Every structure is written in C-alpha cells, then in structure tokens.
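Written below as structure tokens is the structure these notes are about.
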Amino acid sequence: MKKIKTSYYTISSPNLPKPFRGYRIIHLSDLHGALYGKNHKVLIQKIKEAAPDCIMMTGDMADQSLEAIPRLIDLCRRLCRYWPVYFIDGNHEQCLKRREYICLHRELKRAGVIQLRNSWKELSYKGTSIQVYGLVMPMMYYKDWFREYRWGAEFSAEDAGTLLGKPKDGCFRILLAHNPLYFPAYRDWGADLTLSGHIHGGIIRIPRLGGLLSPEVKFFPKYDGGHFLEKGRHLVVSRGLGNHFLFRMWNPPEVAVITFA
Ligand SMILES: [Fe+2]
C-alpha cells in the first residue's frame, strides 16, 4: 500500500464571503477502486486529521474494475456520517455499463452524497453561502488516444455556459470539473475555484519539470497537479489516489486540503 501524501493549499478571493475564511475542503479524485486499509481506515484517518468542513470528489473515484463500485459506495457511506460529500462523474464513471452506472448513482444517493451533474447547489456556512457547480462534459472532449472520441473538439466558456447555465452574479463559485485541460474555459465562464483530477499527477513526476504524461498522451501537461492561478481564478488539480492500469513513480497518492483565507 502506497503512503498517502497530504497537500495543503490556501485560496483567497475578493469574491469569497468573509465568514468562509477558515473553511476547509478535502479534495479527493481518481481513486480507481484503490483501498487504503481495511474499510478505508487509512484514508479516513488522513481526512479526519485535516478536520475538514466538507469533501469534494472530482471523478474517476470508481471505474470498470469489479471492486471499484462497492468500495466507493462503502467509502461514501462512511464519509457521509461526518461530512457533506459532493461528487461528479469522471470519464470512467461516464463509461460504466448502464446497469452499473445506475446502481452506483442510486447507492450514492442512498448514502447521502450530493451528486452534481451539470447542476449546482448552494453551500451555506455561518449565515452566508457560495455555489458549488458540477460539470459532466460529453466524452468527445476527453481526446482519449485509445478510444473513438473526436479529436480536435475544444471546450469553450460558451460550452460551459450551455451545460451549467449563466453564473449568478456576485457569488463565489466552486466548479468541480474532472478534466483540467479546459481550465481557461472554466475560468472565463466564471469559476472562482475549479477542482479537477484526471491527470494522475502526470504518472511519473520529474523534479523541476513536473508530470510527464497526460491521459491525452501529451508530454508535460500544463495543469499536471497542484495550484494554478490565472486572471485571479484558481485551479487545484489533485494528483489522485489510484492508478487505473497505470503505475505511479515519484508521485504519491494525494489527499488535497484546501483552506479559504
Ligand atoms: Fe479521468
């Protein structure tokens, strides 16, 4: 079992209501059926140590492997006892067989998970609120080298608006979007903070150069992991917790802790 690294990020924005200062989010992504200790004990302990206010999952927490769905459902049941859990699909959930997809989402709902599918929910705290949006984009935008998805398709801010609607004025917006490739579109649509995964930290992390490879088989992807700030808008890309069929080198599984300042 690989040791989980906890990464800490501090986010500030003039759009953030002052009472949210100190609010803490645990960002999990790309578990891909991995299990950290019996009943997820190791992962849950890591989360407890960070004392979060909520948990946000940004896709590929399950995949097509046999054990992935029951493990994720079990994890969510345990987490929902303590914290609100927000969830979006990644490309691997989108590619599940229909029966598995329906089962996964039915059980997540029963567990109390807040599922966002091109929709949003208000997150209230200390008498004020922000918005949490969840984007699930059509598969053609993933540009997967190994599948039939259409090459050349670009996802724009207008496309984000078509799927998510016009953002509400004067409100801090978190966007959960599995694929960080289109951060400029999310940013220009109006996301103050985007949380993404998908890249697995670039699989192999090379000192000073960053992640080697993206799922589009692109070398040294720009948004490979960590915190990015462009035009006053934030992006945090989780390096993920699992492998899918890939390995990880110099790239430990990650729990990200995001604190508002
Ligand atoms: Fe993915």
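Residues in the structure tokens are named by chain (A, B, ... in the order shown) and by number from 1 within that chain; ligands are numbered from 1 in the order shown.
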
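The residue set within 10 Å of Pro253 in chain A, counting only C-alpha atoms and dropping same-chain residues fewer than 4 places from it, reads Lys2, Lys3, Ile4, Lys5, Thr6, Ser29, Asp30, Leu31, His200, Gly201, Ser238, Arg239, Gly240, Leu241, Gly242, Asn243 and Arg248 of chain A.
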
For the residues in the current selection, export N, CA and C atoms as a PDB file, in the first residue's frame.
```
ATOM      1  N   LYS A   2       0.658   2.135  -0.975  1.00  0.00           N
ATOM      2  CA  LYS A   2       1.458   3.358  -1.061  1.00  0.00           C
ATOM      3  C   LYS A   2       1.044   4.340   0.028  1.00  0.00           C
ATOM      4  N   LYS A   3       1.998   5.109   0.494  1.00  0.00           N
ATOM      5  CA  LYS A   3       1.715   6.097   1.532  1.00  0.00           C
ATOM      6  C   LYS A   3       1.034   7.319   0.909  1.00  0.00           C
ATOM      7  N   ILE A   4      -0.030   7.779   1.553  1.00  0.00           N
ATOM      8  CA  ILE A   4      -0.756   8.941   1.024  1.00  0.00           C
ATOM      9  C   ILE A   4      -0.075  10.224   1.492  1.00  0.00           C
ATOM     10  N   LYS A   5       0.092  11.148   0.545  1.00  0.00           N
ATOM     11  CA  LYS A   5       0.640  12.459   0.882  1.00  0.00           C
ATOM     12  C   LYS A   5      -0.518  13.449   1.041  1.00  0.00           C
ATOM     13  N   THR A   6      -0.481  14.262   2.074  1.00  0.00           N
ATOM     14  CA  THR A   6      -1.480  15.324   2.216  1.00  0.00           C
ATOM     15  C   THR A   6      -0.876  16.630   1.707  1.00  0.00           C
ATOM     16  N   SER A  29      -9.778  12.597  -5.633  1.00  0.00           N
ATOM     17  CA  SER A  29     -10.014  12.318  -7.044  1.00  0.00           C
ATOM     18  C   SER A  29      -9.344  11.000  -7.451  1.00  0.00           C
ATOM     19  N   ASP A  30      -9.885  10.395  -8.502  1.00  0.00           N
ATOM     20  CA  ASP A  30      -9.218   9.275  -9.192  1.00  0.00           C
ATOM     21  C   ASP A  30      -8.789   8.145  -8.243  1.00  0.00           C
ATOM     22  N   LEU A  31      -9.714   7.706  -7.437  1.00  0.00           N
ATOM     23  CA  LEU A  31      -9.429   6.585  -6.532  1.00  0.00           C
ATOM     24  C   LEU A  31      -9.278   5.282  -7.320  1.00  0.00           C
ATOM     25  N   HIS A 200      -3.630  12.293 -12.873  1.00  0.00           N
ATOM     26  CA  HIS A 200      -2.828  11.395 -12.028  1.00  0.00           C
ATOM     27  C   HIS A 200      -1.431  11.963 -11.795  1.00  0.00           C
ATOM     28  N   GLY A 201      -1.336  13.275 -11.720  1.00  0.00           N
ATOM     29  CA  GLY A 201      -0.029  13.904 -11.480  1.00  0.00           C
ATOM     30  C   GLY A 201       0.942  13.750 -12.630  1.00  0.00           C
ATOM     31  N   SER A 238      -5.907  17.687  -8.335  1.00  0.00           N
ATOM     32  CA  SER A 238      -5.471  16.581  -7.474  1.00  0.00           C
ATOM     33  C   SER A 238      -4.605  15.617  -8.280  1.00  0.00           C
ATOM     34  N   ARG A 239      -3.569  15.100  -7.636  1.00  0.00           N
ATOM     35  CA  ARG A 239      -2.730  14.082  -8.285  1.00  0.00           C
ATOM     36  C   ARG A 239      -3.354  12.697  -8.170  1.00  0.00           C
ATOM     37  N   GLY A 240      -4.485  12.627  -7.474  1.00  0.00           N
ATOM     38  CA  GLY A 240      -5.262  11.391  -7.447  1.00  0.00           C
ATOM     39  C   GLY A 240      -4.791  10.389  -6.408  1.00  0.00           C
ATOM     40  N   LEU A 241      -5.627   9.388  -6.209  1.00  0.00           N
ATOM     41  CA  LEU A 241      -5.357   8.380  -5.179  1.00  0.00           C
ATOM     42  C   LEU A 241      -5.069   6.997  -5.751  1.00  0.00           C
ATOM     43  N   GLY A 242      -5.459   6.748  -6.977  1.00  0.00           N
ATOM     44  CA  GLY A 242      -5.327   5.405  -7.544  1.00  0.00           C
ATOM     45  C   GLY A 242      -4.525   5.409  -8.828  1.00  0.00           C
ATOM     46  N   ASN A 243      -4.548   4.270  -9.490  1.00  0.00           N
ATOM     47  CA  ASN A 243      -3.671   4.071 -10.653  1.00  0.00           C
ATOM     48  C   ASN A 243      -4.400   3.815 -11.959  1.00  0.00           C
ATOM     49  N   ARG A 248       2.603   4.590 -10.736  1.00  0.00           N
ATOM     50  CA  ARG A 248       2.960   5.939 -10.300  1.00  0.00           C
ATOM     51  C   ARG A 248       4.427   5.913  -9.895  1.00  0.00           C
TER      52      ARG A 248
END
```

Each residue of range 53-91 of chain A lying at most 9 Å from range 35-39 of chain A should get a row with its shortest atom-to-atom pair and the distance in Å to one decimal, counting only C-alpha atoms; could you produce that, ordered by chain and increasing number, as a tab-separated table?
```
residue	atom	partner	partner_atom	distance
A:Ala68	CA	A:Leu35	CA	8.9
A:Arg71	CA	A:Leu35	CA	7.3
A:Asp74	CA	A:Asn39	CA	7.7
A:Leu75	CA	A:Asn39	CA	7.4
A:Arg78	CA	A:Asn39	CA	8.7
```

(request) For Pro215 in chain A, work out the shell of residues within 8 Å, counting only C-alpha atoms and skipping chain neighbours fewer than 5 positions away, then give it as number ranges by chain. (result) A: 144-145, 198-199

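Residues of range 201-239 of chain A carrying a DSSP assignment of strand (DSSP E or B), computed from the backbone, are Ile204, Arg205, Ile206, Gly210, Gly211, Leu213, Phe219, Gly226, His227, Phe228, Leu229, Glu230, Arg233, His234, Leu235, Val236 and Val237 of chain A.
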
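Between CA of Pro19 in chain A and CA of Gly127 in chain A lies a distance of 8.0 Å.
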
Cut-off 10 Å: closest chain A/ligand 1 atom pairs per residue, using only C-alpha atoms and all ligand atoms, as CSV:
```
residue,atom,partner,partner_atom_place_in_ligand_line,distance
A:Ser29,CA,ligand 1,1 (Fe),8.9
A:Asp30,CA,ligand 1,1 (Fe),6.7
A:His32,CA,ligand 1,1 (Fe),9.2
A:Thr58,CA,ligand 1,1 (Fe),9.1
A:Gly59,CA,ligand 1,1 (Fe),6.6
A:Asp60,CA,ligand 1,1 (Fe),5.4
A:Met61,CA,ligand 1,1 (Fe),9.0
A:Asp63,CA,ligand 1,1 (Fe),9.4
A:Asp89,CA,ligand 1,1 (Fe),9.0
A:Gly90,CA,ligand 1,1 (Fe),5.3
A:Asn91,CA,ligand 1,1 (Fe),5.1
A:His92,CA,ligand 1,1 (Fe),6.1
A:Glu93,CA,ligand 1,1 (Fe),8.8
A:Gln94,CA,ligand 1,1 (Fe),9.8
A:Tyr142,CA,ligand 1,1 (Fe),8.5
A:Asp144,CA,ligand 1,1 (Fe),9.8
A:His178,CA,ligand 1,1 (Fe),6.6
A:Asn179,CA,ligand 1,1 (Fe),6.8
A:Pro180,CA,ligand 1,1 (Fe),9.9
A:Ser196,CA,ligand 1,1 (Fe),9.5
A:Gly197,CA,ligand 1,1 (Fe),6.9
A:His198,CA,ligand 1,1 (Fe),3.7
A:Ile199,CA,ligand 1,1 (Fe),6.8
A:His200,CA,ligand 1,1 (Fe),8.3
A:Ser214,CA,ligand 1,1 (Fe),9.9
A:Pro215,CA,ligand 1,1 (Fe),7.5
A:Gly240,CA,ligand 1,1 (Fe),9.7
A:His244,CA,ligand 1,1 (Fe),9.3
```

(request) Determine which residues of range 94-145 of chain A DSSP labels as alpha helix (DSSP H) from the backbone of this structure, then write them out as a ChimeraX atom specification. (result) /A:94,98-111

(request) Would you kindly return, as a PyMOL selection string, each protein, DNA or RNA residue with an atom no farther than 12 Å from any atom of Leu123 in chain A, considering only C-alpha atoms and excluding same-chain residues fewer than 5 positions away? (result) chain A and resi 17+20+23+25+53-56+84-86+114+128-133+171-174

Could you save the residues just selected, with N, CA and C atoms, as a PDB file, in the first residue's frame?
```
ATOM      1  N   PRO A  17     -17.176  35.252   0.509  1.00  0.00           N
ATOM      2  CA  PRO A  17     -17.745  35.898   1.704  1.00  0.00           C
ATOM      3  C   PRO A  17     -16.813  35.702   2.908  1.00  0.00           C
ATOM      4  N   PHE A  20     -16.466  32.660   5.289  1.00  0.00           N
ATOM      5  CA  PHE A  20     -15.883  31.409   4.790  1.00  0.00           C
ATOM      6  C   PHE A  20     -14.386  31.304   5.072  1.00  0.00           C
ATOM      7  N   TYR A  23     -12.739  28.028   6.242  1.00  0.00           N
ATOM      8  CA  TYR A  23     -13.494  26.858   5.768  1.00  0.00           C
ATOM      9  C   TYR A  23     -12.537  25.916   5.030  1.00  0.00           C
ATOM     10  N   ILE A  25     -11.858  22.346   2.751  1.00  0.00           N
ATOM     11  CA  ILE A  25     -12.388  21.320   1.837  1.00  0.00           C
ATOM     12  C   ILE A  25     -11.333  20.225   1.668  1.00  0.00           C
ATOM     13  N   ASP A  53     -14.470  20.693   6.577  1.00  0.00           N
ATOM     14  CA  ASP A  53     -15.896  21.037   6.688  1.00  0.00           C
ATOM     15  C   ASP A  53     -16.714  20.268   5.659  1.00  0.00           C
ATOM     16  N   CYS A  54     -16.091  19.897   4.541  1.00  0.00           N
ATOM     17  CA  CYS A  54     -16.793  19.079   3.548  1.00  0.00           C
ATOM     18  C   CYS A  54     -15.775  18.348   2.683  1.00  0.00           C
ATOM     19  N   ILE A  55     -16.285  17.437   1.867  1.00  0.00           N
ATOM     20  CA  ILE A  55     -15.434  16.653   0.966  1.00  0.00           C
ATOM     21  C   ILE A  55     -15.959  16.815  -0.454  1.00  0.00           C
ATOM     22  N   MET A  56     -15.062  17.033  -1.387  1.00  0.00           N
ATOM     23  CA  MET A  56     -15.449  17.163  -2.791  1.00  0.00           C
ATOM     24  C   MET A  56     -14.670  16.140  -3.609  1.00  0.00           C
ATOM     25  N   PRO A  84     -20.564  16.598   4.673  1.00  0.00           N
ATOM     26  CA  PRO A  84     -21.232  16.610   3.370  1.00  0.00           C
ATOM     27  C   PRO A  84     -20.230  16.173   2.294  1.00  0.00           C
ATOM     28  N   VAL A  85     -20.674  15.340   1.368  1.00  0.00           N
ATOM     29  CA  VAL A  85     -19.789  14.842   0.300  1.00  0.00           C
ATOM     30  C   VAL A  85     -20.387  15.240  -1.051  1.00  0.00           C
ATOM     31  N   TYR A  86     -19.626  15.991  -1.838  1.00  0.00           N
ATOM     32  CA  TYR A  86     -20.027  16.397  -3.191  1.00  0.00           C
ATOM     33  C   TYR A  86     -19.330  15.479  -4.194  1.00  0.00           C
ATOM     34  N   ILE A 114     -24.012  14.268  -2.347  1.00  0.00           N
ATOM     35  CA  ILE A 114     -24.586  15.336  -3.171  1.00  0.00           C
ATOM     36  C   ILE A 114     -23.987  15.204  -4.567  1.00  0.00           C
ATOM     37  N   THR A 128     -24.021  32.698   5.482  1.00  0.00           N
ATOM     38  CA  THR A 128     -23.808  33.154   4.108  1.00  0.00           C
ATOM     39  C   THR A 128     -23.656  31.925   3.204  1.00  0.00           C
ATOM     40  N   SER A 129     -23.481  32.143   1.915  1.00  0.00           N
ATOM     41  CA  SER A 129     -23.414  30.970   1.031  1.00  0.00           C
ATOM     42  C   SER A 129     -22.552  31.225  -0.199  1.00  0.00           C
ATOM     43  N   ILE A 130     -22.079  30.132  -0.782  1.00  0.00           N
ATOM     44  CA  ILE A 130     -21.393  30.146  -2.066  1.00  0.00           C
ATOM     45  C   ILE A 130     -22.078  29.080  -2.936  1.00  0.00           C
ATOM     46  N   GLN A 131     -21.674  28.989  -4.209  1.00  0.00           N
ATOM     47  CA  GLN A 131     -22.285  27.995  -5.099  1.00  0.00           C
ATOM     48  C   GLN A 131     -21.267  26.919  -5.457  1.00  0.00           C
ATOM     49  N   VAL A 132     -21.727  25.689  -5.503  1.00  0.00           N
ATOM     50  CA  VAL A 132     -20.884  24.577  -5.971  1.00  0.00           C
ATOM     51  C   VAL A 132     -21.523  24.001  -7.226  1.00  0.00           C
ATOM     52  N   TYR A 133     -20.806  24.114  -8.345  1.00  0.00           N
ATOM     53  CA  TYR A 133     -21.268  23.586  -9.631  1.00  0.00           C
ATOM     54  C   TYR A 133     -20.541  22.276  -9.931  1.00  0.00           C
ATOM     55  N   CYS A 171     -21.500  36.052  -6.631  1.00  0.00           N
ATOM     56  CA  CYS A 171     -21.459  34.883  -5.761  1.00  0.00           C
ATOM     57  C   CYS A 171     -20.170  34.109  -6.037  1.00  0.00           C
ATOM     58  N   PHE A 172     -19.479  33.687  -5.006  1.00  0.00           N
ATOM     59  CA  PHE A 172     -18.274  32.869  -5.179  1.00  0.00           C
ATOM     60  C   PHE A 172     -18.688  31.491  -5.679  1.00  0.00           C
ATOM     61  N   ARG A 173     -18.002  31.030  -6.743  1.00  0.00           N
ATOM     62  CA  ARG A 173     -18.404  29.771  -7.385  1.00  0.00           C
ATOM     63  C   ARG A 173     -17.249  28.767  -7.385  1.00  0.00           C
ATOM     64  N   ILE A 174     -17.532  27.595  -6.848  1.00  0.00           N
ATOM     65  CA  ILE A 174     -16.606  26.464  -6.990  1.00  0.00           C
ATOM     66  C   ILE A 174     -17.132  25.615  -8.137  1.00  0.00           C
TER      67      ILE A 174
END
```

(request) Would you mind listing what lies within 12 Å of Gly161 in chain A as number ranges by chain, with only C-alpha atoms counted and same-chain residues fewer than 3 positions away left out? (result) A: 118-119, 133, 135, 137, 155-158, 164-168, 185-191

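Nearest-residue note for Val136 in chain A: choosing from A:His105, A:Gly152, A:Ala177, A:Lys46, the minimum distance belongs to A:Ala177, counting only C-alpha atoms.
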
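Between CA of Lys121 in chain A and CA of Ile47 in chain A there is a distance of 22.9 Å.
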
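For the atom pair formed by CA of Asn251 in chain A and CA of Phe220 in chain A, the distance is 14.1 Å, given to one decimal.
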